[in-house]
Amino acid sequence: MSCFENKVAVITGAGAGIGRALAVELARRGARLSLLDRDSAGLEETTRRCEAIGARAFAQVVDVTDWEGLRAAAEVADSELGGVDAVFAAAGIIHRGSLLDSDVADIERVMAVNWQGLMYTVKAHLPFVVRSRGGRVVTFSSAFGLVATSKYTAYNSSKFAVRGFSESLRQELADARSGVSVTCVFPGGVRTSIVRNGTFAAAENREAVVRGFEKKVARTDPEEAALIVLSGAERRRARVFVGADARMVAVLARLAGGHYQDLMPFAERLLGRRRGR
């Protein structure tokens, strides 16, 4: 019996990728679902898959940067589904390009979706999660929220911010004896369309970056990622690492501390050899 059976779970970024995989797996586990995404077509397909399993799924087209829209979506989830027991803030975007070459608008959009949108999502739903007693908040950082790399200044910044937000919120809720856990997820390379749908500075070779990610980096299926995330959330883990690459990065960050940047070229070559097998 799953701890999510007969519970209400909210998922942002539910129209594709890890968000869709989470929705489908939670549907299998008997959860009632509030599915949020700005992509209406993707959201419709996820809803169809969940309902085909027999789950009750309520879909709302919402951009996570819209605070009032998220507040309204949270109220609807509470009224239509009978509360909120878990929130999975999985929406995210990526941008590649050096700071010098990148447009400010692209940097601001990454921070708005990945950090501000995640904070809006959690804050809008948190009163209902606290009321449920024993609820769960699941946030999504990245392996790039553990270590930084070049050409991803905006993405690194947003994912480091998510990590700090999650750790602080976990302490707040523990101090308040709310019974609500916070699990921060650090995915490595997952087979999603995030890079293909990302933005790129003019100096970047978009097709080469997308091809490299999809052939060499993205080794974990979204469905496998969803199972790992749910296992960690069930156990109320503070951190969940998705993929061997994410686990390796976590070890590197822990052992090397601030010196990890000196070791990044070696780590990237090692991961490249393993992915080539």
# chains A, B, ... in the order shown; residues from 1 in each chain; ligands from 1
>>> select_by_dssp(residues="range 5-242 of chain A", states="strand (DSSP E or B)", output="number ranges by chain")
A: 8-12, 32-37, 57-61, 86-89, 95-97, 136-140, 152, 181-187, 190, 199-200, 220, 239-242
>>> closest_residue(among="A:Ala52, A:Leu255, A:Ala112, A:Val122", to="Ala73 in chain A", atoms="only C-alpha atoms")
A:Val122
>>> atom_distance(atom1="CA of Val195 in chain A", atom2="CA of Arg49 in chain A")
24.3 Å
>>> closest_atom_pairs(of="range 102-160 of chain A", to="range 1-5 of chain A", cutoff="12 Å", atoms="only C-alpha atoms", output="JSON lines")
{"residue": "A:Gly134", "atom": "CA", "partner": "A:Cys3", "partner_atom": "CA", "distance": 10.6}
{"residue": "A:Gly135", "atom": "CA", "partner": "A:Phe4", "partner_atom": "CA", "distance": 10.0}
{"residue": "A:Arg136", "atom": "CA", "partner": "A:Phe4", "partner_atom": "CA", "distance": 10.1}
>>> closest_residue(among="A:Met119, A:Val61, A:Ala202, A:Ile53", to="Gly164 in chain A", atoms="only C-alpha atoms")
A:Met119
>>> closest_residue(among="A:Arg236, A:Arg170, A:Arg191, A:Arg48", to="Ala218 in chain A", atoms="only C-alpha atoms")
A:Arg191
>>> residues_around(residues="Gln116 in chain A", least_positions_apart="2", cutoff="12 Å", atoms="only C-alpha atoms", output="MDAnalysis selection string")
chainID A and resid 63:67 70 89 91:92 108:114 118:124 157:159 161:162 165
>>> residues_around(residues="range 138-143 of chain A", least_positions_apart="5", cutoff="6 Å", atoms="only C-alpha atoms", output="ChimeraX atom specification")
/A:87-90,159,162-163,182-188,246
>>> closest_residue(among="A:Leu169, A:Phe58, A:Arg219, A:Leu43", to="Ala238 in chain A", atoms="only C-alpha atoms")
A:Leu169
>>> residues_around(residues="Glu214 in chain A", least_positions_apart="3", cutoff="12 Å", atoms="only C-alpha atoms", output="PyMOL selection string")
chain A and resi 189-196+207-211+217-221+275
>>> residues_around(residues="Leu100 in chain A", least_positions_apart="3", cutoff="10 Å", atoms="only C-alpha atoms", output="PyMOL selection string")
chain A and resi 97+103-104+151+201
